[in-house]
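As stored in query.cif (mmCIF, C-alpha atoms):
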data_coords
#
loop_
_atom_site.label_atom_id
_atom_site.label_comp_id
_atom_site.auth_asym_id
_atom_site.auth_seq_id
_atom_site.Cartn_x
_atom_site.Cartn_y
_atom_site.Cartn_z
CA MET A 9 6.96 4.18 -11.13
CA GLN A 10 9.56 4.85 -13.74
CA PRO A 11 10.70 8.32 -12.67
CA ALA A 12 11.89 6.64 -9.49
CA ALA A 13 13.54 4.05 -11.67
CA LYS A 14 15.58 6.69 -13.39
CA ALA A 15 16.63 8.23 -10.15
CA ASP A 16 17.88 4.89 -8.89
CA ALA A 17 19.51 3.66 -12.05
CA GLY A 18 22.94 3.79 -10.43
CA PRO A 19 22.74 1.07 -7.80
CA ALA A 20 20.27 -1.04 -9.70
CA ARG A 21 22.48 -1.96 -12.61
CA SER A 22 25.29 -0.59 -14.69
CA SER A 23 26.08 -3.43 -17.05
CA ARG A 24 24.05 -2.15 -19.95
CA PRO A 25 25.73 0.44 -22.14
CA SER A 26 22.59 2.53 -22.68
CA SER A 27 22.68 5.96 -21.11
CA ARG A 28 19.28 5.61 -19.47
CA GLN A 29 19.30 2.47 -17.41
CA ARG A 30 16.18 0.60 -16.55
CA TRP A 31 15.17 -2.18 -14.27
CA ASP A 32 15.31 -5.74 -15.46
CA THR A 33 12.50 -8.17 -14.85
CA THR A 34 13.88 -9.21 -11.47
CA ASP A 35 13.82 -5.60 -10.29
CA LEU A 36 10.30 -5.28 -11.61
CA SER A 37 9.08 -8.35 -9.78
CA LEU A 38 10.93 -7.37 -6.59
CA VAL A 39 9.00 -4.11 -6.65
CA ALA A 40 5.72 -5.92 -7.28
CA VAL A 41 6.29 -8.63 -4.67
CA PHE A 42 7.27 -6.12 -2.01
CA ALA A 43 4.15 -4.12 -2.75
CA ALA A 44 2.28 -7.38 -2.18
CA LEU A 45 4.27 -8.00 1.01
CA ILE A 46 3.22 -4.61 2.39
CA ALA A 47 -0.37 -5.47 1.53
CA ALA A 48 -0.12 -8.91 3.14
CA LEU A 49 1.34 -7.42 6.32
CA ALA A 50 -1.27 -4.65 6.32
CA ILE A 51 -4.28 -6.96 6.14
CA LEU A 52 -3.23 -9.05 9.09
CA PRO A 53 -5.57 -7.97 11.86
CA GLY A 54 -4.45 -4.62 13.24
CA ILE A 55 -4.94 -3.35 16.75
CA PRO A 56 -6.88 -0.08 16.96
CA VAL A 57 -4.95 2.23 19.27
CA GLY A 58 -5.63 5.63 20.70
CA PRO A 59 -8.84 7.65 20.70
CA LEU A 60 -9.02 7.68 16.91
CA GLY A 61 -8.51 3.97 16.51
CA VAL A 62 -5.89 4.28 13.80
CA PRO A 63 -4.88 0.63 13.70
CA ILE A 64 -1.36 -0.54 14.52
CA THR A 65 -0.41 -3.06 11.91
CA LEU A 66 2.72 -4.49 10.40
CA GLN A 67 2.05 -2.22 7.40
CA THR A 68 4.79 0.20 8.41
CA LEU A 69 7.11 -2.76 8.89
CA GLY A 70 6.55 -3.65 5.26
CA VAL A 71 7.20 -0.07 4.18
CA MET A 72 10.49 0.12 6.06
CA LEU A 73 11.49 -3.32 4.77
CA ALA A 74 10.89 -2.24 1.20
CA GLY A 75 13.23 0.69 1.75
CA VAL A 76 16.07 -1.06 3.55
CA VAL A 77 15.91 -4.28 1.52
CA LEU A 78 15.42 -2.88 -1.97
CA GLY A 79 17.08 0.51 -1.65
CA PRO A 80 15.55 3.94 -2.30
CA GLY A 81 14.47 3.55 -5.94
CA ARG A 82 12.85 0.15 -5.98
CA GLY A 83 11.68 0.53 -2.39
CA THR A 84 9.86 3.78 -3.09
CA ALA A 85 8.40 2.29 -6.25
CA ALA A 86 7.09 -0.70 -4.27
CA VAL A 87 5.38 1.58 -1.76
CA LEU A 88 3.94 3.76 -4.53
CA LEU A 89 2.61 0.66 -6.27
CA TYR A 90 0.99 -0.42 -3.02
CA LEU A 91 -0.60 3.00 -2.55
CA VAL A 92 -1.90 3.08 -6.12
CA ALA A 93 -3.42 -0.37 -5.69
CA GLY A 94 -5.09 0.79 -2.50
CA LEU A 95 -6.29 4.10 -3.89
CA ILE A 96 -7.95 2.55 -6.91
CA GLY A 97 -10.05 0.56 -4.47
CA LEU A 98 -8.33 -2.76 -3.80
CA PRO A 99 -8.71 -3.63 -0.12
CA VAL A 100 -4.99 -3.61 0.66
CA PHE A 101 -4.95 -0.97 3.37
CA SER A 102 -5.29 -2.08 6.96
CA GLY A 103 -8.81 -3.09 7.90
CA PHE A 104 -9.52 -4.24 4.34
CA SER A 105 -10.17 -0.69 3.28
CA GLY A 106 -9.23 0.90 0.00
CA GLY A 107 -10.26 3.58 -2.45
CA PHE A 108 -10.00 7.33 -2.53
CA GLY A 109 -12.12 7.36 0.61
CA VAL A 110 -9.06 6.76 2.78
CA LEU A 111 -7.78 10.17 1.70
CA ALA A 112 -10.53 11.64 3.85
CA GLY A 113 -9.82 9.27 6.73
CA PRO A 114 -7.71 9.98 9.79
CA SER A 115 -4.77 7.86 8.64
CA ALA A 116 -4.31 9.54 5.24
CA GLY A 117 -1.22 11.41 6.40
CA TYR A 118 0.49 8.18 7.36
CA LEU A 119 -0.28 6.57 4.01
CA LEU A 120 1.04 9.52 2.04
CA ALA A 121 4.21 9.54 4.15
CA PHE A 122 5.05 5.92 3.35
CA PRO A 123 6.82 6.47 0.00
CA LEU A 124 8.97 9.20 1.56
CA ALA A 125 9.78 6.92 4.47
CA ALA A 126 10.93 4.17 2.10
CA LEU A 127 12.99 6.73 0.18
CA VAL A 128 14.77 8.03 3.29
CA ALA A 129 15.25 4.61 4.88
CA GLY A 130 16.44 3.15 1.58
CA SER A 131 18.97 5.90 0.93
CA LEU A 132 20.42 5.53 4.41
CA ALA A 133 20.42 1.73 4.11
CA VAL A 134 22.47 1.87 0.91
CA VAL A 135 25.11 3.90 2.74
CA VAL A 136 25.06 1.51 5.69
CA MET A 137 25.31 -1.66 3.62
CA ARG A 138 28.16 -0.34 1.47
CA ARG A 139 30.24 1.39 4.12
CA ALA A 140 29.66 -0.43 7.38
CA GLN A 141 30.94 -3.90 8.03
CA ARG A 142 29.93 -4.06 11.68
CA PHE A 143 26.94 -2.94 13.72
CA ARG A 144 24.78 -3.19 10.62
CA THR A 145 21.65 -4.06 12.57
CA ALA A 146 22.05 -1.06 14.86
CA LEU A 147 22.81 1.28 11.97
CA LEU A 148 19.88 0.03 9.91
CA PHE A 149 17.66 0.47 12.96
CA LEU A 150 18.81 4.08 13.21
CA ALA A 151 18.14 4.53 9.49
CA CYS A 152 14.56 3.28 9.91
CA LEU A 153 14.07 5.38 13.02
CA ALA A 154 15.34 8.49 11.25
CA ALA A 155 13.02 7.81 8.34
CA SER A 156 9.94 7.35 10.49
CA LEU A 157 10.69 10.37 12.68
CA THR A 158 11.27 12.70 9.72
CA THR A 159 8.44 11.52 7.48
CA VAL A 160 5.79 9.22 8.95
CA HIS A 161 5.17 11.04 12.20
CA PRO A 162 5.11 14.67 10.97
CA LEU A 163 2.86 13.83 8.03
CA GLY A 164 0.75 11.54 10.19
CA ILE A 165 0.19 14.38 12.65
CA ALA A 166 -0.68 16.71 9.78
CA GLY A 167 -3.24 14.15 8.57
CA LEU A 168 -4.81 13.93 12.00
CA VAL A 169 -5.10 17.71 12.19
CA VAL A 170 -6.59 18.12 8.71
CA ASN A 171 -8.82 15.06 8.43
CA ALA A 172 -9.85 14.28 11.97
CA GLY A 173 -10.09 17.93 12.98
CA LEU A 174 -7.80 17.54 15.98
CA PRO A 175 -5.97 20.44 17.59
CA LEU A 176 -2.22 20.14 16.98
CA ARG A 177 -1.41 19.30 20.60
CA ASP A 178 -3.92 16.43 20.68
CA ALA A 179 -2.71 15.17 17.33
CA ILE A 180 0.85 14.97 18.63
CA LEU A 181 -0.37 13.06 21.68
CA VAL A 182 -2.36 10.63 19.54
CA ASP A 183 0.64 10.14 17.29
CA ALA A 184 2.90 9.53 20.28
CA ALA A 185 0.82 6.45 21.10
CA TYR A 186 2.32 4.84 18.01
CA LEU A 187 5.92 5.62 18.84
CA PRO A 188 6.70 2.58 21.02
CA GLY A 189 5.24 0.19 18.48
CA ASP A 190 7.07 2.02 15.74
CA VAL A 191 10.41 1.66 17.50
CA LEU A 192 9.80 -2.08 17.85
CA LYS A 193 8.82 -2.39 14.20
CA ASN A 194 11.91 -0.47 13.11
CA LEU A 195 14.06 -2.78 15.20
CA LEU A 196 12.37 -5.78 13.62
CA ALA A 197 12.86 -4.29 10.15
CA ALA A 198 16.60 -3.86 10.80
CA VAL A 199 17.00 -7.44 12.06
CA LEU A 200 15.03 -8.79 9.09
CA ALA A 201 16.95 -6.67 6.59
CA VAL A 202 20.28 -8.01 7.85
CA SER A 203 19.00 -11.58 7.45
CA VAL A 204 17.70 -10.87 3.95
CA HIS A 205 20.92 -9.18 2.85
CA ARG A 206 22.86 -12.16 4.20
CA ALA A 207 20.68 -14.50 2.14
CA PHE A 208 20.76 -12.27 -0.97
CA PRO A 209 24.01 -10.29 -0.80
CA ARG A 210 23.58 -8.73 -4.24
CA LEU A 211 20.32 -6.91 -3.50
CA LEU A 212 21.99 -3.57 -2.80
CA ALA A 213 25.30 -4.30 -4.51
CA ARG A 214 26.87 -1.52 -6.54
CA ARG A 215 26.78 -3.56 -9.72
CA ARG A 216 25.50 -6.93 -10.73
CA ALA A 217 28.06 -9.65 -11.20
CA ASP A 218 25.72 -11.57 -13.46
CA ALA A 219 23.41 -10.08 -16.10
CA MET B 5 -5.85 -15.63 4.92
CA ARG B 6 -5.56 -18.32 2.32
CA GLY B 7 -8.90 -17.32 0.91
CA TYR B 8 -7.87 -13.71 0.68
CA GLY B 9 -7.29 -13.87 -3.05
CA SER B 10 -10.94 -14.39 -3.67
CA THR B 11 -11.92 -11.33 -1.66
CA LEU B 12 -9.70 -9.21 -3.86
CA GLY B 13 -12.29 -9.53 -6.55
CA LEU B 14 -14.59 -6.91 -5.14
CA TYR B 15 -16.67 -6.79 -8.24
CA GLN B 16 -20.14 -8.22 -7.98
CA SER B 17 -22.10 -8.51 -11.14
CA GLY B 18 -25.41 -6.77 -11.20
CA SER B 19 -27.52 -4.34 -13.10
CA GLY B 20 -27.96 -0.62 -12.86
CA VAL B 21 -26.75 2.65 -14.21
CA LEU B 22 -23.47 2.50 -12.29
CA TYR B 23 -22.43 -0.61 -14.23
CA ARG B 24 -22.72 1.30 -17.47
CA VAL B 25 -21.13 4.58 -16.41
CA PRO B 26 -17.55 4.80 -17.72
CA LEU B 27 -14.84 4.12 -15.18
CA TRP B 28 -13.20 7.52 -15.46
CA LEU B 29 -16.44 9.26 -14.50
CA LYS B 30 -16.92 7.03 -11.47
CA ALA B 31 -13.32 7.59 -10.41
CA VAL B 32 -13.58 11.37 -10.81
CA VAL B 33 -16.81 11.52 -8.80
CA SER B 34 -15.34 9.31 -6.09
CA LEU B 35 -12.25 11.49 -5.85
CA ALA B 36 -14.36 14.65 -5.91
CA CYS B 37 -16.33 13.29 -2.97
CA ALA B 38 -13.15 13.07 -0.88
CA VAL B 39 -12.03 16.55 -1.90
CA VAL B 40 -15.41 18.17 -1.21
CA VAL B 41 -15.84 16.50 2.15
CA ILE B 42 -12.42 17.61 3.33
CA ALA B 43 -12.62 21.11 1.86
CA TRP B 44 -16.11 22.02 3.10
CA ARG B 45 -16.38 20.20 6.39
CA SER B 46 -19.86 20.71 7.77
CA PRO B 47 -22.72 18.41 8.81
CA ALA B 48 -24.70 19.57 5.78
CA THR B 49 -21.96 18.68 3.31
CA SER B 50 -21.43 15.29 4.89
CA ALA B 51 -25.13 14.53 5.02
CA LEU B 52 -25.52 15.51 1.39
CA ALA B 53 -22.53 13.36 0.37
CA LEU B 54 -23.87 10.45 2.38
CA VAL B 55 -27.34 10.74 0.86
CA LEU B 56 -25.90 11.00 -2.64
CA THR B 57 -23.62 7.96 -2.27
CA LEU B 58 -26.36 5.92 -0.63
CA GLY B 59 -28.71 6.95 -3.40
CA ALA B 60 -26.16 6.14 -6.08
CA LEU B 61 -25.65 2.65 -4.69
CA THR B 62 -29.33 1.86 -4.15
CA VAL B 63 -30.59 3.34 -7.41
CA GLY B 64 -27.53 2.97 -9.61
CA ALA B 65 -26.41 -0.49 -8.49
CA HIS B 66 -29.71 -1.93 -7.24
CA ARG B 67 -28.46 -2.67 -3.74
CA SER B 68 -30.80 -2.47 -0.77
CA PRO B 69 -29.91 0.21 1.79
CA ALA B 70 -29.17 -2.54 4.32
CA ARG B 71 -26.63 -4.13 1.99
CA VAL B 72 -25.05 -0.75 1.39
CA LEU B 73 -24.67 -0.08 5.10
CA GLN B 74 -23.15 -3.53 5.50
CA MET B 75 -20.31 -2.37 3.31
CA LEU B 76 -19.31 0.02 6.08
CA LEU B 77 -19.03 -2.81 8.60
CA PRO B 78 -15.24 -3.30 8.35
CA ALA B 79 -14.68 0.39 9.02
CA LEU B 80 -17.18 0.49 11.89
CA PRO B 81 -14.70 0.21 14.83
CA VAL B 82 -12.61 3.13 13.59
CA LEU B 83 -15.66 5.23 12.74
CA GLY B 84 -17.27 4.50 16.09
CA ILE B 85 -14.22 5.49 18.10
CA LEU B 86 -13.77 8.58 15.97
CA ALA B 87 -17.42 9.57 16.46
CA VAL B 88 -17.29 9.23 20.24
CA TYR B 89 -14.00 11.09 20.47
CA GLN B 90 -15.16 13.94 18.24
CA GLY B 91 -18.51 14.09 20.00
CA VAL B 92 -16.95 14.43 23.43
CA THR B 93 -14.21 16.89 22.52
CA GLN B 94 -15.61 18.92 19.62
CA GLY B 95 -19.36 18.51 19.86
CA TRP B 96 -21.72 16.16 18.09
CA GLN B 97 -22.18 18.34 15.02
CA GLN B 98 -18.50 18.14 14.26
CA ALA B 99 -18.59 14.39 14.94
CA ALA B 100 -21.39 13.94 12.45
CA ALA B 101 -19.53 16.01 9.87
CA VAL B 102 -16.27 14.10 10.20
CA VAL B 103 -17.64 10.58 10.48
CA GLY B 104 -20.39 11.11 7.91
CA GLY B 105 -17.88 12.51 5.47
CA ILE B 106 -15.50 9.59 5.85
CA ALA B 107 -18.36 7.10 5.54
CA ALA B 108 -19.55 8.81 2.36
CA CYS B 109 -16.06 8.64 0.86
CA LEU B 110 -15.70 4.97 1.73
CA LEU B 111 -19.06 4.23 0.10
CA ALA B 112 -18.17 6.25 -2.98
CA ALA B 113 -14.95 4.30 -3.38
CA ARG B 114 -16.79 1.04 -2.79
CA ALA B 115 -19.31 1.97 -5.47
CA VAL B 116 -16.46 2.09 -7.98
CA THR B 117 -14.94 -1.28 -7.06
CA LEU B 118 -18.34 -2.93 -6.74
CA THR B 119 -19.41 -2.08 -10.25
CA THR B 120 -16.11 -2.30 -12.13
CA PRO B 121 -14.49 -5.66 -12.96
CA LEU B 122 -10.93 -5.89 -11.62
CA GLN B 123 -9.51 -6.20 -15.12
CA ASP B 124 -11.18 -2.97 -16.21
CA LEU B 125 -9.83 -1.28 -13.11
CA LEU B 126 -6.27 -2.37 -13.96
CA ASP B 127 -6.68 -1.31 -17.56
CA GLY B 128 -7.97 2.04 -16.37
CA VAL B 129 -4.93 2.60 -14.18
CA ALA B 130 -2.55 1.63 -17.00
CA HIS B 131 -4.44 4.04 -19.22
CA LEU B 132 -4.10 6.73 -16.58
CA ALA B 133 -0.33 6.22 -16.54
CA ARG B 134 -0.11 6.87 -20.26
CA PRO B 135 0.59 10.63 -20.08
CA PHE B 136 3.68 9.82 -18.00
CA ARG B 137 5.19 8.09 -20.99
CA ARG B 138 6.67 11.43 -21.93
CA VAL B 139 8.81 11.50 -18.79
CA GLY B 140 10.03 7.96 -19.32
CA ALA B 141 7.27 5.95 -17.72
CA ASP B 142 6.06 2.72 -19.22
CA PRO B 143 2.36 1.98 -18.68
CA GLU B 144 2.72 -1.64 -19.81
CA ARG B 145 5.44 -2.37 -17.27
CA PHE B 146 3.37 -0.58 -14.66
CA ALA B 147 0.33 -2.73 -15.42
CA LEU B 148 2.55 -5.81 -15.36
CA ALA B 149 3.90 -4.86 -11.94
CA LEU B 150 0.39 -4.29 -10.66
CA SER B 151 -0.81 -7.70 -11.81
CA ILE B 152 2.26 -9.46 -10.37
CA MET B 153 1.53 -7.72 -7.09
CA LEU B 154 -2.09 -8.85 -7.07
CA ARG B 155 -1.25 -12.46 -7.70
CA SER B 156 1.55 -12.40 -5.10
CA ILE B 157 -0.71 -11.38 -2.22
CA PRO B 158 -2.45 -14.77 -1.90
CA TYR B 159 0.92 -16.54 -2.22
CA LEU B 160 2.48 -14.44 0.55
CA ALA B 161 -0.56 -14.77 2.78
CA GLY B 162 -0.40 -18.56 2.38
CA LEU B 163 3.35 -18.50 3.04
CA PHE B 164 2.72 -16.52 6.19
CA VAL B 165 0.21 -19.09 7.45
CA ASP B 166 2.63 -21.94 6.74
CA VAL B 167 5.53 -20.18 8.47
CA ARG B 168 3.39 -19.34 11.47
CA ASP B 169 2.21 -22.94 11.73
CA ALA B 170 5.81 -24.12 11.60
CA ALA B 171 6.79 -21.66 14.31
CA ARG B 172 3.84 -22.70 16.44
CA ALA B 173 4.85 -26.34 16.14
CA ARG B 174 8.15 -25.35 17.72
CA GLY B 175 6.40 -23.20 20.32
CA LEU B 176 7.89 -20.02 18.86
CA GLU B 177 4.81 -18.29 17.48
CA ARG B 178 5.19 -15.36 19.88
CA SER B 179 8.45 -14.24 18.34
CA PRO B 180 7.82 -11.92 15.39
CA ARG B 181 11.41 -12.36 14.18
CA ILE B 182 10.98 -16.13 13.84
CA VAL B 183 7.68 -15.70 12.05
CA VAL B 184 8.49 -12.84 9.68
CA THR B 185 12.07 -13.70 8.63
CA PRO B 186 11.13 -16.72 6.49
CA LEU B 187 8.26 -14.70 5.06
CA VAL B 188 10.52 -11.88 3.85
CA VAL B 189 13.30 -14.19 2.62
CA GLY B 190 10.64 -16.27 0.88
CA ALA B 191 9.21 -13.13 -0.71
CA VAL B 192 12.60 -12.12 -2.13
CA ALA B 193 13.21 -15.64 -3.45
CA TYR B 194 9.74 -15.65 -4.99
CA ALA B 195 10.44 -12.31 -6.66
CA HIS B 196 13.66 -13.67 -8.15
CA ARG B 197 11.85 -16.72 -9.49
CA THR B 198 9.13 -14.53 -10.97
CA GLY B 199 11.69 -12.23 -12.52
CA GLU B 200 13.47 -15.14 -14.15
CA ALA B 201 10.19 -16.56 -15.39
CA LEU B 202 9.30 -13.19 -16.93
CA ALA B 203 12.70 -12.84 -18.54
CA ALA B 204 12.42 -16.34 -19.97
CA ARG B 205 9.19 -15.30 -21.63
CA GLY B 206 10.61 -12.00 -22.81
CA LEU B 207 8.10 -9.99 -20.77
CA GLY B 208 8.70 -6.65 -19.11
CA ASP B 209 12.20 -6.45 -20.49
CA ASP B 210 13.81 -3.34 -21.94
CA ASP B 211 14.44 -5.05 -25.22
CA ALA B 212 10.91 -6.29 -25.56
CA THR B 213 9.62 -5.38 -28.98
CA ASP B 214 6.42 -3.52 -29.55
CA ASP B 215 3.45 -4.41 -27.42
CA PRO B 216 4.15 -7.61 -25.54
CA PRO B 217 0.99 -9.26 -24.21
CA VAL B 218 1.73 -8.08 -20.70
CA ARG B 219 -1.66 -8.74 -19.23
CA ARG B 220 -1.57 -12.45 -19.72
CA ALA B 221 1.91 -12.82 -18.28
CA PRO B 222 1.66 -14.29 -14.81
CA ASP B 223 -1.42 -16.39 -15.14
CA GLY B 224 -1.36 -17.87 -11.70
CA ASP B 225 -4.67 -17.26 -10.08
#
Rewrite the structure of this file - the entire thing - as structure tokens.
Amino acid sequence: MQPAAKADAGPARSSRPSSRQRWDTTDLSLVAVFAALIAALAILPGIPVGPLGVPITLQTLGVMLAGVVLGPGRGTAAVLLYLVAGLIGLPVFSGFSGGFGVLAGPSAGYLLAFPLAALVAGSLAVVVMRRAQRFRTALLFLACLAASLTTVHPLGIAGLVVNAGLPLRDAILVDAAYLPGDVLKNLLAAVLAVSVHRAFPRLLARRRADA
Amino acid sequence: MRGYGSTLGLYQSGSGVLYRVPLWLKAVVSLACAVVVIAWRSPATSALALVLTLGALTVGAHRSPARVLQMLLPALPVLGILAVYQGVTQGWQQAAAVVGGIAACLLAARAVTLTTPLQDLLDGVAHLARPFRRVGADPERFALALSIMLRSIPYLAGLFVDVRDAARARGLERSPRIVVTPLVVGAVAYAHRTGEALAARGLGDDDATDDPPVRRAPDGD
């Protein structure tokens, strides 16, 4: 968790004089609560899609939200925390599964791509929220879309090839079944992120006014 | 969903060798199962892994084979579809290898959570994070984050049910934006409240002096 913290020290806070900045308790609980949010969204009943039945859930929505709401450092940490909780056996992955067993399952590639997706989406979101005053929803949507196209789908396809033993062409076809839902979820994530940033304007602020 | 918190406690007390085996050994074996099944994919490997995990659960945890197979029930739809697809396209041997391997890994992981109390599991993970202290990690804060996460899941699930009910009362339950927005805003507000509560108790802060009692911090559940 903390290596990511160090990488993100800049946007998180700069009020403390120490050279190595760390998260305060609010950052810590934001990370933890967003990990829980991903879990809560993941355990809502998913819809098995495609020949392999990899379920479509709001899990990826939670991952994207963590990135664009919390920024790259805390967002990635939240996703990593979620993955660790799932890998040690808590039933927080979709379909109430959990444990190292999922690493052998067909959706392992998607799970491993999630932290990267939050990192990419979060980095782009920071740029959007600081630079852009207009079209924020559209720009955040593009940020999420870029993140899922560069991380989730390539690694997901790789997981299908390795774990489910699919030929590459079939794996791409299976993965394509998730694209429409993914686009919708990215759109939803952008709309939600704009609402959240309106309610909590300091979440991605350059420095904290209080503290 | 409201009752989800109780299902998080996967541990069921019982007797057997598995309850006495140290956690690290169980974790290593469970991880090794996944690695072996992926690395040597063949019907023989999968069958062996399946027999071994079944045997471990029946002998080591005193569960009847029927109970053990019941544990695979939640994964059954995915496994079934995968089996049919593999059988049709790659042949039934390959299907048996893939599906059997995944089932064995799921059972191996379940064996760990079934026989290890949640608290021990969390302690084990915090312990595992200890070597990262050298690169600036903080196992105590990590364990604290993990326990805040676990106690937040039931809260968020309950919040989701409330928000959905409210949306349904207005006839808006089909709109994901209406349903999820209050959930996410509520989650952020909840995180801020939790953060303030932790700070007020001097937990998880940079300036915290040696060894704060992190584990007992958010005693909500």
Find, counting only C-alpha atoms, the residue in B:Val41, B:Ala204, B:Val167, B:Val63 that gets nearest to Val184 in chain B.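 With only C-alpha atoms as the atom set, the closest residue is B:Val167.
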Hey, list the chain A side of the contact with chain B: 6 Å cut-off, only C-alpha atoms, answer as a list in words. Gln10, Asp32, Thr33, Thr34, Ser37, Leu38, Ala40, Val41, Ala44, Ala48, Leu60, Gly61, Gly97, Gly107, Phe108, Gly109, Ala112, Gly113, Leu200 and Val204 of chain A
Residues within 9 Å of (0.0, -4.6, 2.7), counting all atoms listed in the file, listed as a VMD selection string: (chain A and resid 42 to 52 66 to 68 70 to 71 90 100 to 102) or (chain B and resid 157)
Residues from last step as file, C-alpha atoms, as a compact mmCIF listing (two decimals), keeping the file's coordinate frame:
# COMPACT_ATOMS: atom_id res chain seq x y z
CA PHE A 42 7.27 -6.12 -2.01
CA ALA A 43 4.15 -4.12 -2.75
CA ALA A 44 2.28 -7.38 -2.18
CA LEU A 45 4.27 -8.00 1.01
CA ILE A 46 3.22 -4.61 2.39
CA ALA A 47 -0.37 -5.47 1.53
CA ALA A 48 -0.12 -8.91 3.14
CA LEU A 49 1.34 -7.42 6.32
CA ALA A 50 -1.27 -4.65 6.32
CA ILE A 51 -4.28 -6.96 6.14
CA LEU A 52 -3.23 -9.05 9.09
CA LEU A 66 2.72 -4.49 10.40
CA GLN A 67 2.05 -2.22 7.40
CA THR A 68 4.79 0.20 8.41
CA GLY A 70 6.55 -3.65 5.26
CA VAL A 71 7.20 -0.07 4.18
CA TYR A 90 0.99 -0.42 -3.02
CA VAL A 100 -4.99 -3.61 0.66
CA PHE A 101 -4.95 -0.97 3.37
CA SER A 102 -5.29 -2.08 6.96
CA ILE B 157 -0.71 -11.38 -2.22
Rounded to one decimal in Å, what is the spacing between CA of Leu111 in chain A and CA of Pro135 in chain B?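 CA of Pro135 in chain B lies at a distance of 23.3 Å from CA of Leu111 in chain A.
Separating CA of Ala198 in chain A from CA of Leu153 in chain A is a distance of 9.8 Å.
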